[in-house]
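Below is entry-v7.csv, which holds CSV, C-alpha atoms.
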```csv
chain,number,residue,atom,x,y,z
A,1,MET,CA,36.4,60.1,6.8
A,2,LYS,CA,34.5,57.2,5.2
A,3,ILE,CA,33.2,57.8,1.7
A,4,GLU,CA,31.0,55.6,-0.4
A,5,ILE,CA,33.1,53.9,-3.0
A,6,LYS,CA,30.6,54.7,-5.7
A,7,ALA,CA,31.3,58.4,-5.1
A,8,ILE,CA,35.0,57.9,-5.9
A,9,LYS,CA,36.4,58.0,-9.5
A,10,GLY,CA,39.8,57.0,-10.7
A,11,ALA,CA,42.3,59.7,-11.7
A,12,GLU,CA,42.0,61.0,-15.3
A,13,HIS,CA,45.7,60.4,-15.9
A,14,PRO,CA,46.8,57.6,-13.6
A,15,ILE,CA,50.5,57.2,-12.9
A,16,ARG,CA,50.4,53.4,-13.2
A,17,THR,CA,49.8,52.1,-16.7
A,18,GLU,CA,50.4,48.4,-16.1
A,19,SER,CA,49.0,46.1,-13.4
A,20,ASP,CA,50.4,42.9,-11.8
A,21,ASN,CA,47.4,40.6,-11.3
A,22,GLU,CA,49.3,38.5,-8.7
A,23,LYS,CA,50.2,41.5,-6.6
A,24,MET,CA,46.6,42.8,-6.9
A,25,ASP,CA,45.3,39.4,-5.7
A,26,GLU,CA,47.7,39.6,-2.7
A,27,LEU,CA,46.4,43.1,-1.9
A,28,VAL,CA,42.8,42.0,-2.1
A,29,GLN,CA,43.5,39.1,0.2
A,30,SER,CA,45.4,41.4,2.7
A,31,ILE,CA,42.5,43.9,2.8
A,32,LYS,CA,40.0,41.0,3.2
A,33,GLU,CA,42.0,39.6,6.2
A,34,GLN,CA,43.2,42.8,7.9
A,35,GLY,CA,41.0,45.5,6.5
A,36,LEU,CA,42.2,48.7,4.9
A,37,ILE,CA,45.2,49.8,7.0
A,38,VAL,CA,46.3,53.0,5.1
A,39,PRO,CA,43.5,55.2,3.8
A,40,ILE,CA,43.5,56.5,0.2
A,41,LYS,CA,43.7,60.2,-0.5
A,42,VAL,CA,41.0,61.8,-2.6
A,43,ARG,CA,40.2,65.4,-3.7
A,44,PRO,CA,36.7,66.8,-4.0
A,45,LEU,CA,35.7,67.6,-7.5
A,46,GLY,CA,32.0,67.3,-7.3
A,47,GLU,CA,32.6,63.6,-6.9
A,48,TYR,CA,35.8,62.5,-5.3
A,49,GLU,CA,38.9,61.7,-7.4
A,50,VAL,CA,41.7,59.4,-6.2
A,51,VAL,CA,45.0,61.2,-5.6
A,52,TYR,CA,46.8,58.1,-4.3
A,53,GLY,CA,45.6,54.6,-3.4
A,54,HIS,CA,44.2,53.5,-6.8
A,55,ARG,CA,45.2,49.9,-6.2
A,56,ARG,CA,43.6,49.9,-2.7
A,57,LEU,CA,40.4,51.4,-4.1
A,58,HIS,CA,40.3,48.7,-6.8
A,59,ALA,CA,40.9,46.0,-4.3
A,60,CYS,CA,38.1,47.3,-2.0
A,61,ARG,CA,35.7,47.4,-5.1
A,62,GLU,CA,36.6,43.8,-5.8
A,63,LEU,CA,35.7,42.9,-2.2
A,64,GLY,CA,32.3,44.6,-2.6
A,65,LEU,CA,32.9,47.1,0.1
A,66,ALA,CA,30.4,50.0,0.2
A,67,GLU,CA,32.6,52.6,2.0
A,68,ILE,CA,36.3,53.2,2.2
A,69,GLU,CA,38.4,55.3,4.6
A,70,CYS,CA,39.8,58.4,2.9
A,71,ILE,CA,41.8,61.5,3.5
A,72,VAL,CA,40.2,64.4,1.7
A,73,GLU,CA,42.4,67.2,0.6
A,74,GLY,CA,42.0,69.8,-2.1
A,75,VAL,CA,45.2,69.2,-4.1
A,76,ASP,CA,46.1,70.0,-7.7
```
Will you turn the file into structure tokens for me?
Amino acid sequence: MKIEIKAIKGAEHPIRTESDNEKMDELVQSIKEQGLIVPIKVRPLGEYEVVYGHRRLHACRELGLAEIECIVEGVD
């Protein structure tokens, strides 16, 4: 299901604490050229919170996309 990016927030306690700018640039370029191939997973908490796919969400935000393909699942 497609969800507006502005309705998705990052996880309160993300697993990744460091980022690699070069790899992020590669991901942004890949999504720009091929589109988002693997949807992110979110859980509904009023808004939506990312379960996995934080980097893909960040890349899509950098590209200025309005919506992103998501799997919605109520997980802890």
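Residue neighbourhood of Leu65 in chain A, excluding near-sequence residues (fewer than 4 positions): Glu4, Ile5, Lys6, Lys32, Leu57, Ala59, Cys60 and Arg61 of chain A, at 10 Å, using all atoms listed in the file.
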Task: Selection as an MDAnalysis selection string: residues within 6 Å of (40.7, 60.1, 2.5), counting all atoms listed in the file - done: chainID A and resid 39:42 69:72
Open item on the list: I'd like the interatomic distance between CA of Ile37 in chain A and CA of Ala11 in chain A, to a tenth of an Å.
Closed with: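 One can read the CA of Ile37 in chain A to CA of Ala11 in chain A distance as 21.4 Å.
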Task: For CA of Gln34 in chain A and CA of Ala7 in chain A, the interatomic separation in Å (one decimal) - done: 23.5 Å
- [ ] Using CA of Tyr48 in chain A and CA of Glu73 in chain A as the two end points, give the distance in Å to one decimal.
- [x]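 So the answer is 10.0 Å.
Using all atoms listed in the file, the nearest neighbour of Lys9 in chain A within the list A:Lys23, A:Glu67, A:Leu45, A:Val75 is A:Leu45.
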Task: A:Ala66, A:Arg56, A:Glu12, A:Val50 ranked by distance to Glu26 in chain A, top pick (using only C-alpha atoms) - done: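 Among A:Ala66, A:Arg56, A:Glu12, A:Val50, it is A:Arg56 that comes nearest to Glu26 in chain A.
Comparing A:Leu36, A:Gly10, A:Met24, A:Ser30 by their smallest distance to His54 in chain A, the closest is A:Gly10 (using only C-alpha atoms).
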TODO: Would you mind telling me which residue in A:His58, A:Met1, A:Glu49, A:Pro44 lies nearest to Leu27 in chain A when using all atoms listed in the file?
DONE: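 Comparing A:His58, A:Met1, A:Glu49, A:Pro44 against Leu27 in chain A, the winner is A:His58.
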